[in-house]
file protein.pdb (PDB, C-alpha atoms, pLDDT in the B column)
MODEL        1
ATOM      1  CA  MET A1384      95.491 193.256  76.271  1.00 58.00           C
ATOM      2  CA  GLU A1385      97.532 190.276  77.412  1.00 78.00           C
ATOM      3  CA  TRP A1386      99.570 188.874  74.492  1.00 79.00           C
ATOM      4  CA  SER A1387      99.744 185.408  75.998  1.00 89.00           C
ATOM      5  CA  ASN A1388      95.962 185.108  76.326  1.00 91.00           C
ATOM      6  CA  VAL A1389      95.459 185.985  72.656  1.00 93.00           C
ATOM      7  CA  THR A1390      98.238 183.587  71.657  1.00 94.00           C
ATOM      8  CA  TRP A1391      96.729 180.681  73.603  1.00 94.00           C
ATOM      9  CA  PHE A1392      93.262 181.424  72.205  1.00 94.00           C
ATOM     10  CA  LEU A1393      94.535 181.479  68.606  1.00 94.00           C
ATOM     11  CA  THR A1394      96.519 178.290  69.246  1.00 94.00           C
ATOM     12  CA  ALA A1395      93.313 176.555  70.340  1.00 94.00           C
ATOM     13  CA  LEU A1396      91.513 177.865  67.247  1.00 91.00           C
ATOM     14  CA  GLY A1397      94.361 176.545  65.091  1.00 90.00           C
ATOM     15  CA  ALA A1398      93.869 173.095  66.628  1.00 92.00           C
ATOM     16  CA  VAL A1399      90.148 173.278  65.849  1.00 90.00           C
ATOM     17  CA  VAL A1400      90.833 174.209  62.202  1.00 86.00           C
ATOM     18  CA  VAL A1401      93.227 171.265  61.771  1.00 86.00           C
ATOM     19  CA  LEU A1402      90.728 168.875  63.369  1.00 87.00           C
ATOM     20  CA  ILE A1403      87.689 170.139  61.466  1.00 84.00           C
ATOM     21  CA  THR A1404      89.573 170.061  58.152  1.00 77.00           C
ATOM     22  CA  ARG A1405      90.473 166.416  58.800  1.00 78.00           C
ATOM     23  CA  VAL A1406      86.911 165.506  59.807  1.00 81.00           C
ATOM     24  CA  ARG A1407      85.246 167.357  56.901  1.00 74.00           C
ATOM     25  CA  LEU A1408      87.570 166.117  54.182  1.00 71.00           C
ATOM     26  CA  GLY A1409      88.461 162.725  55.625  1.00 67.00           C
ATOM     27  CA  GLY A1410      85.123 161.272  54.545  1.00 58.00           C
ATOM     28  CA  THR A1411      85.353 162.577  50.966  1.00 54.00           C
ATOM     29  CA  VAL A1412      88.621 160.906  49.998  1.00 48.00           C
ATOM     30  CA  VAL A1413      87.972 158.276  47.323  1.00 43.00           C
ATOM     31  CA  ASP A1414      90.792 156.507  45.429  1.00 43.00           C
ATOM     32  CA  GLY A1415      93.370 159.052  46.560  1.00 45.00           C
ATOM     33  CA  THR A1416      91.402 162.158  45.631  1.00 45.00           C
ATOM     34  CA  GLY A1417      88.523 164.017  47.198  1.00 45.00           C
ATOM     35  CA  HIS A1418      85.707 164.992  44.877  1.00 47.00           C
ATOM     36  CA  GLY A1419      82.466 166.852  45.139  1.00 46.00           C
ATOM     37  CA  ALA A1420      80.079 167.730  42.396  1.00 41.00           C
ATOM     38  CA  GLY A1421      81.210 170.873  40.634  1.00 41.00           C
ATOM     39  CA  ARG A1422      84.400 171.121  42.696  1.00 46.00           C
ATOM     40  CA  HIS A1423      88.023 170.329  42.035  1.00 47.00           C
ATOM     41  CA  GLY A1424      89.383 167.227  43.695  1.00 52.00           C
ATOM     42  CA  PHE A1425      92.233 167.246  46.171  1.00 58.00           C
ATOM     43  CA  SER A1426      94.962 164.791  46.937  1.00 70.00           C
ATOM     44  CA  ALA A1427      94.602 162.502  49.927  1.00 80.00           C
ATOM     45  CA  ALA A1428      98.334 163.045  50.460  1.00 84.00           C
ATOM     46  CA  LEU A1429      97.690 166.788  50.805  1.00 83.00           C
ATOM     47  CA  LEU A1430      95.096 166.120  53.513  1.00 83.00           C
ATOM     48  CA  ARG A1431      97.476 163.756  55.339  1.00 87.00           C
ATOM     49  CA  LEU A1432     100.253 166.340  55.086  1.00 89.00           C
ATOM     50  CA  HIS A1433      97.900 169.007  56.500  1.00 85.00           C
ATOM     51  CA  THR A1434      97.064 166.763  59.449  1.00 89.00           C
ATOM     52  CA  VAL A1435     100.651 165.672  60.174  1.00 93.00           C
ATOM     53  CA  VAL A1436     102.114 169.179  59.854  1.00 93.00           C
ATOM     54  CA  GLY A1437      99.256 170.525  61.963  1.00 92.00           C
ATOM     55  CA  VAL A1438      99.753 168.067  64.824  1.00 94.00           C
ATOM     56  CA  ILE A1439     103.558 168.453  64.867  1.00 96.00           C
ATOM     57  CA  THR A1440     103.309 172.246  64.690  1.00 96.00           C
ATOM     58  CA  LEU A1441     100.696 172.430  67.439  1.00 95.00           C
ATOM     59  CA  LEU A1442     102.706 170.209  69.769  1.00 96.00           C
ATOM     60  CA  GLY A1443     105.930 172.120  69.115  1.00 97.00           C
ATOM     61  CA  TRP A1444     104.188 175.471  69.465  1.00 96.00           C
ATOM     62  CA  VAL A1445     102.677 174.485  72.828  1.00 96.00           C
ATOM     63  CA  VAL A1446     106.124 173.354  74.008  1.00 96.00           C
ATOM     64  CA  ALA A1447     107.533 176.739  72.922  1.00 95.00           C
ATOM     65  CA  LEU A1448     104.756 178.620  74.740  1.00 94.00           C
ATOM     66  CA  VAL A1449     105.088 176.598  77.949  1.00 95.00           C
ATOM     67  CA  THR A1450     108.891 176.645  78.091  1.00 93.00           C
ATOM     68  CA  GLY A1451     109.345 180.145  76.667  1.00 90.00           C
ATOM     69  CA  ARG A1452     111.968 178.856  74.208  1.00 93.00           C
ATOM     70  CA  HIS A1453     112.196 181.465  71.460  1.00 93.00           C
ATOM     71  CA  GLY A1454     114.210 179.153  69.169  1.00 94.00           C
ATOM     72  CA  ILE A1455     111.489 176.493  69.178  1.00 95.00           C
ATOM     73  CA  ALA A1456     108.872 179.154  68.434  1.00 95.00           C
ATOM     74  CA  LEU A1457     110.882 180.358  65.436  1.00 95.00           C
ATOM     75  CA  VAL A1458     111.079 176.806  64.042  1.00 95.00           C
ATOM     76  CA  MET A1459     107.355 176.270  64.635  1.00 96.00           C
ATOM     77  CA  LEU A1460     106.572 179.441  62.670  1.00 96.00           C
ATOM     78  CA  THR A1461     107.785 177.547  59.616  1.00 96.00           C
ATOM     79  CA  GLY A1462     105.271 174.836  60.438  1.00 95.00           C
ATOM     80  CA  TRP A1463     102.466 177.380  60.884  1.00 95.00           C
ATOM     81  CA  TRP A1464     103.209 178.963  57.501  1.00 95.00           C
ATOM     82  CA  LEU A1465     103.424 175.562  55.777  1.00 94.00           C
ATOM     83  CA  LEU A1466     100.145 174.541  57.415  1.00 91.00           C
ATOM     84  CA  THR A1467      98.483 177.747  56.234  1.00 91.00           C
ATOM     85  CA  VAL A1468      99.646 177.278  52.645  1.00 91.00           C
ATOM     86  CA  ILE A1469      98.441 173.654  52.615  1.00 88.00           C
ATOM     87  CA  GLY A1470      95.100 174.731  54.103  1.00 85.00           C
ATOM     88  CA  LEU A1471      94.651 177.408  51.444  1.00 85.00           C
ATOM     89  CA  LEU A1472      95.439 174.805  48.767  1.00 83.00           C
ATOM     90  CA  LEU A1473      92.743 172.576  50.242  1.00 79.00           C
ATOM     91  CA  LEU A1474      90.427 175.579  50.295  1.00 79.00           C
ATOM     92  CA  ALA A1475      91.010 176.000  46.562  1.00 76.00           C
ATOM     93  CA  ARG A1476      88.937 172.841  46.006  1.00 69.00           C
ATOM     94  CA  TRP A1477      85.856 175.024  46.387  1.00 64.00           C
ATOM     95  CA  LEU A1478      86.705 176.871  43.194  1.00 62.00           C
ATOM     96  CA  PRO A1479      84.033 175.980  40.647  1.00 61.00           C
ATOM     97  CA  SER A1480      84.928 173.582  37.876  1.00 59.00           C
ATOM     98  CA  GLY A1481      84.209 175.190  34.535  1.00 60.00           C
ATOM     99  CA  GLY A1482      84.295 171.992  32.525  1.00 59.00           C
ATOM    100  CA  LYS A1483      81.719 171.368  29.826  1.00 60.00           C
ATOM    101  CA  HIS A1484      80.524 168.192  31.505  1.00 57.00           C
ATOM    102  CA  SER A1485      80.842 169.258  35.139  1.00 54.00           C
ATOM    103  CA  GLU A1486      77.845 169.012  37.407  1.00 54.00           C
ATOM    104  CA  ASP A1487      76.348 171.923  39.310  1.00 54.00           C
ATOM    105  CA  THR A1488      78.096 172.701  42.578  1.00 51.00           C
ATOM    106  CA  GLN A1489      76.639 170.978  45.618  1.00 52.00           C
ATOM    107  CA  SER A1490      77.465 172.056  49.143  1.00 50.00           C
ATOM    108  CA  ASP A1491      78.422 169.958  52.140  1.00 49.00           C
ATOM    109  CA  ALA A1492      75.659 168.921  54.479  1.00 50.00           C
ATOM    110  CA  TRP A1493      77.781 170.152  57.367  1.00 48.00           C
ATOM    111  CA  GLY A1494      78.614 173.831  57.345  1.00 52.00           C
ATOM    112  CA  SER A1495      76.689 174.644  54.151  1.00 54.00           C
ATOM    113  CA  GLY A1496      79.549 174.784  51.701  1.00 60.00           C
ATOM    114  CA  ALA A1497      82.705 176.814  51.644  1.00 67.00           C
ATOM    115  CA  GLY A1498      81.807 179.385  54.307  1.00 73.00           C
ATOM    116  CA  LEU A1499      83.227 177.447  57.238  1.00 75.00           C
ATOM    117  CA  SER A1500      86.369 176.530  55.268  1.00 75.00           C
ATOM    118  CA  VAL A1501      86.970 180.126  54.205  1.00 80.00           C
ATOM    119  CA  LEU A1502      86.468 181.372  57.758  1.00 84.00           C
ATOM    120  CA  GLY A1503      88.829 178.766  59.180  1.00 83.00           C
ATOM    121  CA  HIS A1504      91.647 179.058  56.679  1.00 82.00           C
ATOM    122  CA  VAL A1505      91.612 182.817  56.174  1.00 88.00           C
ATOM    123  CA  GLY A1506      91.405 183.087  59.958  1.00 89.00           C
ATOM    124  CA  MET A1507      94.469 180.838  60.165  1.00 90.00           C
ATOM    125  CA  LEU A1508      96.314 183.160  57.801  1.00 92.00           C
ATOM    126  CA  ILE A1509      95.540 186.116  60.072  1.00 94.00           C
ATOM    127  CA  GLY A1510      96.428 184.071  63.164  1.00 94.00           C
ATOM    128  CA  VAL A1511      99.773 183.019  61.704  1.00 95.00           C
ATOM    129  CA  CYS A1512     100.545 186.649  60.895  1.00 96.00           C
ATOM    130  CA  TYR A1513      99.865 187.378  64.586  1.00 96.00           C
ATOM    131  CA  PHE A1514     102.081 184.445  65.669  1.00 95.00           C
ATOM    132  CA  THR A1515     104.848 185.794  63.449  1.00 96.00           C
ATOM    133  CA  PHE A1516     104.481 189.264  64.975  1.00 95.00           C
ATOM    134  CA  VAL A1517     104.588 188.110  68.596  1.00 94.00           C
ATOM    135  CA  THR A1518     107.468 185.721  67.937  1.00 94.00           C
ATOM    136  CA  LEU A1519     109.646 188.168  66.033  1.00 94.00           C
ATOM    137  CA  THR A1520     109.000 190.945  68.540  1.00 92.00           C
ATOM    138  CA  GLU A1521     109.649 188.482  71.429  1.00 88.00           C
ATOM    139  CA  ARG A1522     106.252 189.001  73.061  1.00 86.00           C
ATOM    140  CA  LEU A1523     105.561 185.308  73.636  1.00 80.00           C
TER     141      LEU A1523
ENDMDL
END
call {"tool": "encode", "arguments": {"input": "protein.pdb", "output": "structure tokens"}}
result
Amino acid sequence: MEWSNVTWFLTALGAVVVLITRVRLGGTVVDGTGHGAGRHGFSAALLRLHTVVGVITLLGWVVALVTGRHGIALVMLTGWWLLTVIGLLLLARWLPSGGKHSEDTQSDAWGSGAGLSVLGHVGMLIGVCYFTFVTLTERL
């Protein structure tokens, strides 16, 4: 197994998760919060932060991979972990609302609900664990 091939593949998947999260949630932001029937809302600022941290981290990570600069990779690990935490917070919006007057949960038309989000963000968590491993063991 070639470590660099796996690293580049997971980097591309990370870019896809950031992009898809922006596309899926970007259309549901109303008055600063995103809402769906039977789901918790989320802050538009949280979505913007996810996008900004994701783009900066991806660009820095690619620079680290291309140049082989271990120091840059270590700094970008912080970005990957922050991005993962923000993504999991956004994922928490799928938790059902238990309010007395809440509506029944309705799923997205694209991706049929939380499945795609869970796959993407839990996959990111696993990918960031891998990035941490290869960076700390200097296998980049």
call {"tool": "resolve_selection", "arguments": {"input": "protein.pdb", "expression": "the PyMOL selection byres ((chain A and resi 1444) around 12)", "output": "PyMOL selection string"}}
result
chain A and resi 1390-1391+1393-1395+1397-1398+1436-1443+1445-1463+1511+1514-1515+1518+1523
call {"tool": "closest_residue", "arguments": {"input": "protein.pdb", "among": "A:Leu1396, A:Leu1408, A:Leu1430, A:Ile1403", "to": "Ile1509 in chain A", "atoms": "only C-alpha atoms"}}
result
A:Leu1396
call {"tool": "closest_residue", "arguments": {"input": "protein.pdb", "among": "A:Leu1432, A:Val1517, A:Thr1404, A:Cys1512", "to": "Ser1500 in chain A", "atoms": "all atoms listed in the file"}}
result
A:Thr1404
call {"tool": "atom_distance", "arguments": {"input": "protein.pdb", "atom1": "CA of Gly1470 in chain A", "atom2": "CA of His1504 in chain A"}}
result
6.1 Å
call {"tool": "atom_distance", "arguments": {"input": "protein.pdb", "atom1": "CA of Leu1508 in chain A", "atom2": "CA of Arg1522 in chain A"}}
result
19.1 Å
call {"tool": "closest_residue", "arguments": {"input": "protein.pdb", "among": "A:Gly1498, A:Trp1386, A:Leu1402, A:Ile1469", "to": "Thr1520 in chain A", "atoms": "all atoms listed in the file"}}
result
A:Trp1386
call {"tool": "atom_distance", "arguments": {"input": "protein.pdb", "atom1": "CA of Thr1467 in chain A", "atom2": "CA of Phe1516 in chain A"}}
result
15.7 Å
call {"tool": "axis_aligned_box", "arguments": {"input": "protein.pdb", "around": "range 1462-1469 of chain A", "padding_each_side": "3 Å", "output": "AutoDock Vina command-line options"}}
result
--center_x 101.9 --center_y 176.3 --center_z 56.7 --size_x 12.8 --size_y 11.3 --size_z 14.3
